[in-house]
2 protein chains.
Amino acid sequence: MNKKVYKIHSEICKTLSNPVRLEVINLLRNKKRSVGELVNLTKISQSTISQHLTILRQKNLVLTKRKGKNIYYSLAYPEMIKACDIMRNILFKQLKKNEKLVQKIRRGK
Amino acid sequence: MNKKVYKIHSEICKTLSNPVRLEVINLLRNKKRSVGELVNLTKISQSTISQHLTILRQKNLVLTKRKGKNIYYSLAYPEMIKACDIMRNILFKQLKKNEKLVQKIRRGK
DNA sequence: TAGAATATCCGAATATTTAAATATTTTGGT
DNA sequence: ACCAAAATATTTAAATATTCGGATATTCTA
């Protein structure tokens with residue numbers, strides 16, 4: 001595999017490696033949402049949300065469509081959700097393992 | 001979804017958002033590999049490879065097992081590869097779209 | 001216990017994140 | 001067509017984080 005592929009791949013991952021952007025992506029899972037909706041749903045500042053949407057747009061991970069006063073964002077590649085879900089499952093497995101470890105240590109005392 | 005989940009998820013993605021670590025993960029796709037093997041296969045400095053392996057270990061994304069003089073690394077969650085492959089497919093789709101765009105612009109001239 | 005394999009420390013260069021302030025864009029009413 | 005207001009985007013700068021390889025340290029085996 002060409003090194004350039006890893007570089008580009010890493011940039012996609014970097015785009016996903018921010019909690020705000022992951023929350024936004026998750027909110028776009030099956031619905032288009034306007035910027036204002038995303039601000040309300042996340043309770044994150046308009047400026048911050050807009051900046052993160054800009055990043056997602058620049059990386060071509062979201063699409064935009066104006067409807068009246070609002071601009072609606074949606075996922076450019078809905079299969080992105082699958083990748084996120086796999087990672088979330090791994091995350092949950094890790095948490096469970098930690099729980100078990102904590103319990104073992106407790107019992108060991 | 002709890003904000004903490006997005007935070008942890010973002011840390012997994014951050015761990016993946018480096019070309020060296022992605023190359024290592026890809027090399028571990030179906031084989032255990034020693035540090036030296038990874039250095040030789042990637043042509044990346046021993047120091048750098050080791051630092052990235054440390055990060056992968058800290059995030060519990062790889063497992064280690066000593067065999068003689070070598071320490072062999074393997075994937076803790078082989079399904080991680082699926083997530084990577086989905087992202088790589090998205091990446092390829094994006095590249096194809098760009099190619100097509102370039103051709104359109106060329107024809108338009 | 002020497003030497004091979006791997007890990008850590010360091011510091012300079014670079015990148016990311018945030019919200020306030022400000023700018024831009026577009027609508028909807030007249 | 002024009003204007004006020006709503007919606008969204010951009011700029012800025014300080015705080016923080018990441019990355020790299022050389023130098024060095026540690027660990028383990030034979």
# chains A, B, ... in the order shown; residues from 1 in each chain; ligands from 1
$ residues_around --residues "segment 24-27 of chain C" --least-positions-apart "4" --cutoff "10 Å" --atoms "only C-alpha atoms (C1' of nucleotides)" --output "PyMOL selection string"
(chain A and resi 66+68-70) or (chain D and resi 5-10)
$ interface_residues --of "chain B" --to "chain A" --cutoff "6 Å" --atoms "only C-alpha atoms" --output "ChimeraX atom specification"
/B:6-7,10,13-14,17-19,83
$ write_last_selection --atoms "N, CA and C atoms" --output "short mmCIF file (atom, residue, chain, number, x, y, z; two decimals), in the first residue's frame"
data_model
loop_
_atom_site.label_atom_id
_atom_site.label_comp_id
_atom_site.auth_asym_id
_atom_site.auth_seq_id
_atom_site.Cartn_x
_atom_site.Cartn_y
_atom_site.Cartn_z
N TYR B 6 -18.51 10.38 23.10
CA TYR B 6 -17.89 11.04 21.94
C TYR B 6 -16.43 11.35 22.22
N LYS B 7 -16.16 11.73 23.47
CA LYS B 7 -14.78 12.04 23.84
C LYS B 7 -13.87 10.80 23.71
N SER B 10 -13.49 9.82 20.15
CA SER B 10 -12.56 10.72 19.45
C SER B 10 -11.12 10.34 19.75
N CYS B 13 -10.23 7.52 17.49
CA CYS B 13 -9.97 8.04 16.15
C CYS B 13 -8.64 8.78 16.10
N LYS B 14 -8.34 9.52 17.16
CA LYS B 14 -7.07 10.24 17.19
C LYS B 14 -5.90 9.26 17.12
N SER B 17 -5.32 8.43 13.69
CA SER B 17 -5.16 9.54 12.74
C SER B 17 -3.69 9.90 12.55
N ASN B 18 -2.91 8.89 12.28
CA ASN B 18 -1.48 9.11 11.99
C ASN B 18 -1.04 8.06 10.97
N PRO B 19 -0.40 8.49 9.92
CA PRO B 19 -0.07 7.56 8.85
C PRO B 19 0.82 6.41 9.30
N ALA B 83 -13.31 -1.25 10.15
CA ALA B 83 -13.53 0.20 10.21
C ALA B 83 -12.54 0.90 9.28
#
$ interface_residues --of "chain A" --to "chain D" --cutoff "9 Å" --atoms "only C-alpha atoms (C1' of nucleotides)" --output "number ranges by chain"
A: 35-36, 46-47, 50-51, 54, 69-71
$ atom_distance --atom1 "atom C1' of DA5 of chain C" --atom2 "atom CA of Tyr72 of chain B"
11.3 Å
$ atom_distance --atom1 "atom C1' of DT6 of chain C" --atom2 "atom CA of Lys65 of chain B"
12.7 Å
$ select_by_dssp --residues "segment 38-105 of chain A" --states "strand (DSSP E)" --output "NGL selection string"
:A and (62-67 or 70-75)
$ atom_distance --atom1 "atom CA of Ser34 of chain B" --atom2 "atom CA of Asn98 of chain A"
26.6 Å
$ interface_residues --of "chain C" --to "chain A" --cutoff "12 Å" --atoms "only C-alpha atoms (C1' of nucleotides)" --output "PDB file with N, CA and C atoms (P, O5', C5', C4', C3', O3' and C1' of nucleotides), in the first residue's frame"
ATOM      1  P    DA C  15       1.781  22.289  10.035  1.00  0.00           P
ATOM      2  O5'  DA C  15       0.735  21.790  11.130  1.00  0.00           O
ATOM      3  C5'  DA C  15       0.847  20.475  11.648  1.00  0.00           C
ATOM      4  C4'  DA C  15      -0.298  20.237  12.614  1.00  0.00           C
ATOM      5  C3'  DA C  15      -1.627  20.838  12.160  1.00  0.00           C
ATOM      6  O3'  DA C  15      -2.605  19.839  12.373  1.00  0.00           O
ATOM      7  C1'  DA C  15      -1.071  21.648  14.321  1.00  0.00           C
ATOM      8  P    DT C  16      -4.139  20.167  12.052  1.00  0.00           P
ATOM      9  O5'  DT C  16      -4.775  20.378  13.507  1.00  0.00           O
ATOM     10  C5'  DT C  16      -4.402  19.514  14.553  1.00  0.00           C
ATOM     11  C4'  DT C  16      -5.187  19.866  15.801  1.00  0.00           C
ATOM     12  C3'  DT C  16      -6.636  20.308  15.552  1.00  0.00           C
ATOM     13  O3'  DT C  16      -7.428  19.607  16.484  1.00  0.00           O
ATOM     14  C1'  DT C  16      -5.494  21.935  16.824  1.00  0.00           C
ATOM     15  P    DT C  17      -9.008  19.640  16.436  1.00  0.00           P
ATOM     16  O5'  DT C  17      -9.360  20.687  17.570  1.00  0.00           O
ATOM     17  C5'  DT C  17      -9.014  20.400  18.914  1.00  0.00           C
ATOM     18  C4'  DT C  17      -9.378  21.589  19.764  1.00  0.00           C
ATOM     19  C3'  DT C  17     -10.766  22.163  19.458  1.00  0.00           C
ATOM     20  O3'  DT C  17     -11.602  21.951  20.578  1.00  0.00           O
ATOM     21  C1'  DT C  17      -9.088  23.869  19.627  1.00  0.00           C
ATOM     22  P    DT C  18     -13.180  22.262  20.496  1.00  0.00           P
ATOM     23  O5'  DT C  18     -13.252  23.740  21.073  1.00  0.00           O
ATOM     24  C5'  DT C  18     -12.877  23.973  22.423  1.00  0.00           C
ATOM     25  C4'  DT C  18     -12.800  25.452  22.647  1.00  0.00           C
ATOM     26  C3'  DT C  18     -14.043  26.192  22.164  1.00  0.00           C
ATOM     27  O3'  DT C  18     -14.897  26.381  23.284  1.00  0.00           O
ATOM     28  C1'  DT C  18     -12.013  27.333  21.564  1.00  0.00           C
ATOM     29  P    DA C  19     -16.441  26.840  23.108  1.00  0.00           P
ATOM     30  O5'  DA C  19     -16.329  28.430  23.171  1.00  0.00           O
ATOM     31  C5'  DA C  19     -15.675  29.019  24.284  1.00  0.00           C
ATOM     32  C4'  DA C  19     -15.561  30.508  24.051  1.00  0.00           C
ATOM     33  C3'  DA C  19     -16.870  31.195  23.662  1.00  0.00           C
ATOM     34  O3'  DA C  19     -16.853  32.471  24.253  1.00  0.00           O
ATOM     35  C1'  DA C  19     -15.297  31.483  21.920  1.00  0.00           C
ATOM     36  P    DA C  20     -18.099  33.407  24.397  1.00  0.00           P
ATOM     37  O5'  DA C  20     -17.501  34.793  23.924  1.00  0.00           O
ATOM     38  C5'  DA C  20     -16.256  35.240  24.463  1.00  0.00           C
ATOM     39  C4'  DA C  20     -15.688  36.323  23.575  1.00  0.00           C
ATOM     40  C3'  DA C  20     -16.714  37.357  23.117  1.00  0.00           C
ATOM     41  O3'  DA C  20     -16.129  38.637  23.182  1.00  0.00           O
ATOM     42  C1'  DA C  20     -15.691  36.346  21.226  1.00  0.00           C
ATOM     43  P    DA C  21     -17.000  39.951  22.854  1.00  0.00           P
ATOM     44  O5'  DA C  21     -16.527  40.274  21.365  1.00  0.00           O
ATOM     45  C5'  DA C  21     -15.151  40.429  21.099  1.00  0.00           C
ATOM     46  C4'  DA C  21     -14.968  40.633  19.599  1.00  0.00           C
ATOM     47  C3'  DA C  21     -15.966  41.626  18.984  1.00  0.00           C
ATOM     48  O3'  DA C  21     -15.245  42.555  18.194  1.00  0.00           O
ATOM     49  C1'  DA C  21     -15.987  39.578  17.782  1.00  0.00           C
ATOM     50  P    DT C  22     -16.027  43.754  17.467  1.00  0.00           P
ATOM     51  O5'  DT C  22     -16.150  43.168  15.991  1.00  0.00           O
ATOM     52  C5'  DT C  22     -14.964  42.653  15.371  1.00  0.00           C
ATOM     53  C4'  DT C  22     -15.355  41.941  14.089  1.00  0.00           C
ATOM     54  C3'  DT C  22     -16.284  42.756  13.181  1.00  0.00           C
ATOM     55  O3'  DT C  22     -15.594  43.009  11.971  1.00  0.00           O
ATOM     56  C1'  DT C  22     -16.966  40.494  13.333  1.00  0.00           C
ATOM     57  P    DT C  25     -20.435  36.996   0.820  1.00  0.00           P
ATOM     58  O5'  DT C  25     -21.816  36.278   1.111  1.00  0.00           O
ATOM     59  C5'  DT C  25     -21.798  34.988   1.729  1.00  0.00           C
ATOM     60  C4'  DT C  25     -23.221  34.618   2.059  1.00  0.00           C
ATOM     61  C3'  DT C  25     -24.191  34.862   0.899  1.00  0.00           C
ATOM     62  O3'  DT C  25     -24.838  33.633   0.662  1.00  0.00           O
ATOM     63  C1'  DT C  25     -25.057  35.748   2.918  1.00  0.00           C
ATOM     64  P    DT C  26     -25.674  33.391  -0.672  1.00  0.00           P
ATOM     65  O5'  DT C  26     -27.166  33.579  -0.175  1.00  0.00           O
ATOM     66  C5'  DT C  26     -27.630  32.717   0.872  1.00  0.00           C
ATOM     67  C4'  DT C  26     -28.906  33.285   1.411  1.00  0.00           C
ATOM     68  C3'  DT C  26     -29.929  33.650   0.336  1.00  0.00           C
ATOM     69  O3'  DT C  26     -31.035  32.815   0.518  1.00  0.00           O
ATOM     70  C1'  DT C  26     -29.786  35.315   2.027  1.00  0.00           C
ATOM     71  P    DT C  27     -32.289  32.809  -0.487  1.00  0.00           P
ATOM     72  O5'  DT C  27     -33.481  33.133   0.501  1.00  0.00           O
ATOM     73  C5'  DT C  27     -33.456  32.564   1.798  1.00  0.00           C
ATOM     74  C4'  DT C  27     -34.266  33.430   2.748  1.00  0.00           C
ATOM     75  C3'  DT C  27     -35.669  33.741   2.238  1.00  0.00           C
ATOM     76  O3'  DT C  27     -36.577  33.295   3.216  1.00  0.00           O
ATOM     77  C1'  DT C  27     -34.553  35.739   2.958  1.00  0.00           C
ATOM     78  P    DG C  28     -38.070  33.020   2.865  1.00  0.00           P
ATOM     79  O5'  DG C  28     -38.819  34.325   3.418  1.00  0.00           O
ATOM     80  C5'  DG C  28     -38.420  34.855   4.681  1.00  0.00           C
ATOM     81  C4'  DG C  28     -39.094  36.190   4.857  1.00  0.00           C
ATOM     82  C3'  DG C  28     -40.447  36.307   4.137  1.00  0.00           C
ATOM     83  O3'  DG C  28     -41.288  37.095   4.964  1.00  0.00           O
ATOM     84  C1'  DG C  28     -38.971  37.958   3.293  1.00  0.00           C
TER      85       DG C  28
END
$ select_by_dssp --residues "chain B" --states "alpha helix (DSSP H)" --output "ChimeraX atom specification"
/B:3-16,19-27,35-42,46-58,80-108
